Amino acid sequence: MFLGVSIIADRFMSSIEVITSQERQITIKKPNGEKITTTVRIWNETVSNLTLMALGSSAPEILLSVVEVCGHNFDAGELGPNTIVGSAAFNMFVIIGYCVSIIPKGETRKVKHLRVFFVTAAWSIFAYTWLYLILAVISPGIVEIWEALLTLFFFPLCVGLAYIADRRLLFYKYMYKRYRAGKQKRVIIETEGEPQLPSKVDIEMDGRMLNSNGEDFVDEAVGFDEKELDEEETRREMARILKELKQKHPEKEMEQLIELANYQVLTQQQKSRAFYRCQATRIMTGAGNVLKKHAADQAKRAVQHDFCSEVSENNFSSKIFFDPGTYQCLENCVSVALNVVRRGGDLTSTVSVDYRTEDGTANAGSDFQFTQGTVVFRPGETEKEIRIDIIDDDIFEEDEHFLVHLSNVKVVSKGVGSERHEANHAEALAGLGLPCTATVTIFDDDHAGIFTFEDPVVTVSESVGVMEVKVSRTSGARGVVAVPFKTTEGTAKGGGEDFEDTHGVLEFQNDEIMKTIAVRILDHEEYSKQARFYIELQEPYWNRKRWTEEGGEEVLTKKEEEERRIAEMGRPMLGEHVKLEVIIEESYEFKNTVDKLIKKTNLALLIGTNSWREQFAEAITVNAGDDDDDEECGEEKLPSCFDYVMHFLTVFWKLLFALVPPTDYWNGWACFVVSISVIGLLTALIGDLASHFGCTIGLKDSVTAVVFVALGTSVPDTFASKVAAIQDQYADASIGNVTGSNAVNVFLGIGVAWSIAAIFHHTQGQKFKVDPGTLAFSVTLFTIFAFICVAVLMYRRRPEIGGELGGPRIPKILTTCLFFSLWLMYILFSSLEAYCHIKGF
């Protein structure tokens, strides 16, 4: 039964994770007026922890108390209240003591939100002190309506005070605070600590502008995980992880690196109590490690996507097109060859395509010969060549171009019925691809040329390695010309910092129309970058000095004089773009990879479900439950014997609770309502079974509740806290939520049940009687031990230990032994009092 409750509680916590992960967009206005859009959580982390998540982890105990009262004619029972107190003792002493001991050697974990921890710890102790007051002091043996309702009212009061501490309202409003971006999906979060404020930033939410002091942030009940405004931190962290993985695994492709990084980010990022509870339950019941299963599924999808992409490329239609689509030639080249290709489809068929030239700035008859005809691709042929004759002259003229078009693709079929086949299926079997028009540029060769960059500005990615810049020679290509060049710094620094300084001379040979300059760019793998440097062309000159030297005594022949005269008329010169601005930007691939990685780090997507089919598939599948996260992701482990045993013990419950609505329905609320209803039914059965079990072995309900029922309902929380303590860098998820959960147990479990019973008895003209003996003794004992526990945790924050969890070996062992001893003493003294060996109240 406890396994069944754990599994339905897993579904319940999944719905809570989906509900509390809902987000909305806000607009941040920078000091320069620029507005950027980011995403924030709708639920405040503290509020969600003390309401939905505390309800999720404590639902069995709370509902057991309510069901017991309602099922016993609204009379007080011993099982429900003692289970709440016993569960609180187990949580406070055993779970925290266990978490102290399992932290790896040399590591510590501190509570980050210390203000919230103080508030919840105080309320946790006050809740049980209040129980003692109403049972043994204010009205001994009787619970008045106002006492029960006040107990219930303490719940929203506790949540409100914790929210005030978290958001620094009231007196906290005048204390310093700062903001940053969280490490999961661009969530803005507040950070505690020193008064280091960023530059003033206004934030607009729902049409309102919020200033850096955050007053309007306070008025909006919008949840943030922590708080700080530098969104670049998230991206830098993602970029750092990718860089490290690329260095560690240079042989892996980018998609594999993305999955490795995704797994690492999901492992390292701060997670909610609901996630840890779900992960612990699934590992315990043979459903597998959530993170590793997700990584393996992503790797499989990537392989399947690649396979599908390869299949889709091999379609059933042949495409005819030019490859490439642009051509250049000199005026004296006689003819130019154009390449026509056939791709895809049935290559055993015969396909024909017509071609025809068209005038551009170049004219048929004076610059090129008008040409038209048909190209036939025979079976197996994939490439054909078209030749166009070029007409040479001695007239200086600008570079000109003309076009060549493809048209009228036909499939020539052989055999009987070929005409009908061609008529019906020609368009489906073959057609024009892109580009179907080729552009041919004719460069004049009667001038030395004009040398220029193609564009005044070029943008390159920092990951390009070596960038190549083209220097074109237009309006002529006669003679050997030298063009000096050099790089100059701008905001980008040379000398190997952002680029390597480059200088030299480009030597254009006769009839050569294009040269490239190579500059090495250094890759720093930054998410956002924009730096500039320049490449300058200097005055070009003939490489035959005797034509340009003044006062030369060498006697030239008539032929050489004619060459010189022509050369002087066509002296090389610089064109329009002689200084190229090079902008180095972040790698688009790297930036997109980081953005893609950020979008994939929503934990709600991992533990949520979107269909009943998915739920039933998960219910019958056994996965490896090893939670050792040091292994490389994407490599699926085979389930162990323990995984198979736990799967077969729980497969009935898994299949039964697969009928619960998926978390995608109604944003998780459908799953929430159905799950809590099923938990109520199961806890009613557990209550009866526990009573019969205690009766069978001769134990009182109070002892059965404190020892067995409390232990059974708290086992999933133990595993969840263990995973949280090891994986999380703070202690909030492992012990911070224990105190809040203990307070919620009393305020909801006792408050709701006793309010219902007190009101019912009042309507009957009676008093709601509760025997203060055993329960009051247990509450008093727990309260005293809880004070000791909290005091020890606070002492462990001293520098010589370093934090609530972990630390040096000796203090760690002593703390664990102390906490376990407190729990054993609580069990022993409660049992002795129940059997009247110790006098109670």
# chains A, B, ... in the order shown; residues from 1 in each chain; ligands from 1
call {"tool": "residues_around", "arguments": {"residues": "A:Ser101", "least_positions_apart": "3", "cutoff": "10 Å", "atoms": "only C-alpha atoms", "output": "list in words"}}
result
Ile96, Gly97, Tyr98, Pro104, Lys105, Lys722, Ala725, Leu805, Gly806, Gly807, Arg809, Pro811, Lys812, Ile813, Leu814, Thr815, Thr816 and Cys817 of chain A
call {"tool": "write_last_selection", "arguments": {"atoms": "C-alpha atoms", "output": "PDB file, in the first residue's frame"}}
result
ATOM      1  CA  ILE A  96      18.414  15.496   8.121  1.00  0.00           C
ATOM      2  CA  GLY A  97      20.862  13.215   9.951  1.00  0.00           C
ATOM      3  CA  TYR A  98      21.131  10.973   6.901  1.00  0.00           C
ATOM      4  CA  PRO A 104      30.908  13.613  -0.428  1.00  0.00           C
ATOM      5  CA  LYS A 105      34.143  13.996   1.488  1.00  0.00           C
ATOM      6  CA  LYS A 722      19.311  12.142  -0.391  1.00  0.00           C
ATOM      7  CA  ALA A 725      21.640  16.734  -0.821  1.00  0.00           C
ATOM      8  CA  LEU A 805      25.352  19.301   5.673  1.00  0.00           C
ATOM      9  CA  GLY A 806      28.707  17.573   5.173  1.00  0.00           C
ATOM     10  CA  GLY A 807      31.916  19.004   6.532  1.00  0.00           C
ATOM     11  CA  ARG A 809      34.424  13.605   9.057  1.00  0.00           C
ATOM     12  CA  PRO A 811      31.564  16.461  13.166  1.00  0.00           C
ATOM     13  CA  LYS A 812      29.616  14.767  10.394  1.00  0.00           C
ATOM     14  CA  ILE A 813      29.554  11.407  12.206  1.00  0.00           C
ATOM     15  CA  LEU A 814      28.755  13.006  15.556  1.00  0.00           C
ATOM     16  CA  THR A 815      25.852  15.017  14.073  1.00  0.00           C
ATOM     17  CA  THR A 816      24.368  11.976  12.359  1.00  0.00           C
ATOM     18  CA  CYS A 817      24.647   9.852  15.498  1.00  0.00           C
TER      19      CYS A 817
END
call {"tool": "atom_distance", "arguments": {"atom1": "atom CA of A:Ser87", "atom2": "atom CA of A:Val660"}}
result
27.1 Å
call {"tool": "atom_distance", "arguments": {"atom1": "atom CA of A:Ile676", "atom2": "atom CA of A:Ile756"}}
result
18.8 Å
call {"tool": "residues_around", "arguments": {"residues": "A:Ile95", "least_positions_apart": "4", "cutoff": "12 Å", "atoms": "only C-alpha atoms", "output": "count of residues only"}}
result
34
call {"tool": "decode", "arguments": {"residues": "stretch 770-781 of chain A", "atoms": "all heavy atoms", "output": "PDB file, in the first residue's frame"}}
result
ATOM      1  N   VAL A 770     -10.521  15.463  22.853  1.00  0.00           N
ATOM      2  CA  VAL A 770      -9.278  14.834  22.394  1.00  0.00           C
ATOM      3  C   VAL A 770      -8.471  14.475  23.628  1.00  0.00           C
ATOM      4  O   VAL A 770      -8.198  15.332  24.479  1.00  0.00           O
ATOM      5  CB  VAL A 770      -8.464  15.775  21.484  1.00  0.00           C
ATOM      6  CG1 VAL A 770      -7.160  15.095  21.059  1.00  0.00           C
ATOM      7  CG2 VAL A 770      -9.272  16.182  20.272  1.00  0.00           C
ATOM      8  N   ASP A 771      -8.089  13.200  23.730  1.00  0.00           N
ATOM      9  CA  ASP A 771      -7.295  12.756  24.874  1.00  0.00           C
ATOM     10  C   ASP A 771      -5.889  13.353  24.765  1.00  0.00           C
ATOM     11  O   ASP A 771      -5.145  13.053  23.827  1.00  0.00           O
ATOM     12  CB  ASP A 771      -7.203  11.226  24.870  1.00  0.00           C
ATOM     13  CG  ASP A 771      -6.436  10.710  26.081  1.00  0.00           C
ATOM     14  OD1 ASP A 771      -6.197  11.508  27.012  1.00  0.00           O
ATOM     15  OD2 ASP A 771      -6.065   9.524  26.067  1.00  0.00           O
ATOM     16  N   PRO A 772      -5.494  14.219  25.685  1.00  0.00           N
ATOM     17  CA  PRO A 772      -4.210  14.907  25.562  1.00  0.00           C
ATOM     18  C   PRO A 772      -3.015  14.046  25.936  1.00  0.00           C
ATOM     19  O   PRO A 772      -1.870  14.408  25.623  1.00  0.00           O
ATOM     20  CB  PRO A 772      -4.345  16.069  26.548  1.00  0.00           C
ATOM     21  CG  PRO A 772      -5.272  15.567  27.600  1.00  0.00           C
ATOM     22  CD  PRO A 772      -6.240  14.655  26.894  1.00  0.00           C
ATOM     23  N   GLY A 773      -3.235  12.898  26.569  1.00  0.00           N
ATOM     24  CA  GLY A 773      -2.142  12.114  27.130  1.00  0.00           C
ATOM     25  C   GLY A 773      -1.013  11.808  26.166  1.00  0.00           C
ATOM     26  O   GLY A 773       0.053  12.428  26.185  1.00  0.00           O
ATOM     27  N   THR A 774      -1.222  10.804  25.325  1.00  0.00           N
ATOM     28  CA  THR A 774      -0.150  10.332  24.447  1.00  0.00           C
ATOM     29  C   THR A 774       0.272  11.395  23.448  1.00  0.00           C
ATOM     30  O   THR A 774       1.470  11.630  23.223  1.00  0.00           O
ATOM     31  CB  THR A 774      -0.612   9.064  23.711  1.00  0.00           C
ATOM     32  OG1 THR A 774      -0.959   8.061  24.667  1.00  0.00           O
ATOM     33  CG2 THR A 774       0.493   8.548  22.799  1.00  0.00           C
ATOM     34  N   LEU A 775      -0.693  12.057  22.816  1.00  0.00           N
ATOM     35  CA  LEU A 775      -0.376  13.039  21.777  1.00  0.00           C
ATOM     36  C   LEU A 775       0.377  14.232  22.359  1.00  0.00           C
ATOM     37  O   LEU A 775       1.372  14.684  21.789  1.00  0.00           O
ATOM     38  CB  LEU A 775      -1.669  13.507  21.096  1.00  0.00           C
ATOM     39  CG  LEU A 775      -1.477  14.496  19.930  1.00  0.00           C
ATOM     40  CD1 LEU A 775      -0.596  13.899  18.840  1.00  0.00           C
ATOM     41  CD2 LEU A 775      -2.837  14.908  19.357  1.00  0.00           C
ATOM     42  N   ALA A 776      -0.073  14.734  23.494  1.00  0.00           N
ATOM     43  CA  ALA A 776       0.599  15.883  24.105  1.00  0.00           C
ATOM     44  C   ALA A 776       2.021  15.525  24.517  1.00  0.00           C
ATOM     45  O   ALA A 776       2.950  16.334  24.373  1.00  0.00           O
ATOM     46  CB  ALA A 776      -0.197  16.363  25.323  1.00  0.00           C
ATOM     47  N   PHE A 777       2.207  14.300  25.026  1.00  0.00           N
ATOM     48  CA  PHE A 777       3.556  13.869  25.406  1.00  0.00           C
ATOM     49  C   PHE A 777       4.476  13.794  24.179  1.00  0.00           C
ATOM     50  O   PHE A 777       5.623  14.255  24.212  1.00  0.00           O
ATOM     51  CB  PHE A 777       3.479  12.512  26.094  1.00  0.00           C
ATOM     52  CG  PHE A 777       4.813  11.996  26.552  1.00  0.00           C
ATOM     53  CD1 PHE A 777       5.368  12.415  27.753  1.00  0.00           C
ATOM     54  CD2 PHE A 777       5.528  11.094  25.774  1.00  0.00           C
ATOM     55  CE1 PHE A 777       6.597  11.950  28.169  1.00  0.00           C
ATOM     56  CE2 PHE A 777       6.757  10.633  26.177  1.00  0.00           C
ATOM     57  CZ  PHE A 777       7.302  11.054  27.385  1.00  0.00           C
ATOM     58  N   SER A 778       3.966  13.207  23.091  1.00  0.00           N
ATOM     59  CA  SER A 778       4.755  13.099  21.863  1.00  0.00           C
ATOM     60  C   SER A 778       5.114  14.473  21.314  1.00  0.00           C
ATOM     61  O   SER A 778       6.252  14.708  20.881  1.00  0.00           O
ATOM     62  CB  SER A 778       3.982  12.303  20.797  1.00  0.00           C
ATOM     63  OG  SER A 778       3.789  10.978  21.204  1.00  0.00           O
ATOM     64  N   VAL A 779       4.147  15.388  21.347  1.00  0.00           N
ATOM     65  CA  VAL A 779       4.381  16.737  20.839  1.00  0.00           C
ATOM     66  C   VAL A 779       5.440  17.445  21.672  1.00  0.00           C
ATOM     67  O   VAL A 779       6.359  18.087  21.135  1.00  0.00           O
ATOM     68  CB  VAL A 779       3.060  17.536  20.834  1.00  0.00           C
ATOM     69  CG1 VAL A 779       3.337  19.020  20.634  1.00  0.00           C
ATOM     70  CG2 VAL A 779       2.131  17.016  19.750  1.00  0.00           C
ATOM     71  N   THR A 780       5.349  17.317  22.991  1.00  0.00           N
ATOM     72  CA  THR A 780       6.328  17.966  23.863  1.00  0.00           C
ATOM     73  C   THR A 780       7.729  17.408  23.616  1.00  0.00           C
ATOM     74  O   THR A 780       8.712  18.163  23.519  1.00  0.00           O
ATOM     75  CB  THR A 780       5.935  17.771  25.331  1.00  0.00           C
ATOM     76  OG1 THR A 780       4.615  18.261  25.540  1.00  0.00           O
ATOM     77  CG2 THR A 780       6.900  18.498  26.254  1.00  0.00           C
ATOM     78  N   LEU A 781       7.801  16.095  23.527  1.00  0.00           N
ATOM     79  CA  LEU A 781       9.097  15.451  23.298  1.00  0.00           C
ATOM     80  C   LEU A 781       9.705  15.894  21.969  1.00  0.00           C
ATOM     81  O   LEU A 781      10.896  16.226  21.884  1.00  0.00           O
ATOM     82  CB  LEU A 781       8.906  13.932  23.325  1.00  0.00           C
ATOM     83  CG  LEU A 781      10.148  13.074  23.530  1.00  0.00           C
ATOM     84  CD1 LEU A 781      10.799  13.365  24.874  1.00  0.00           C
ATOM     85  CD2 LEU A 781       9.767  11.582  23.440  1.00  0.00           C
TER      86      LEU A 781
END
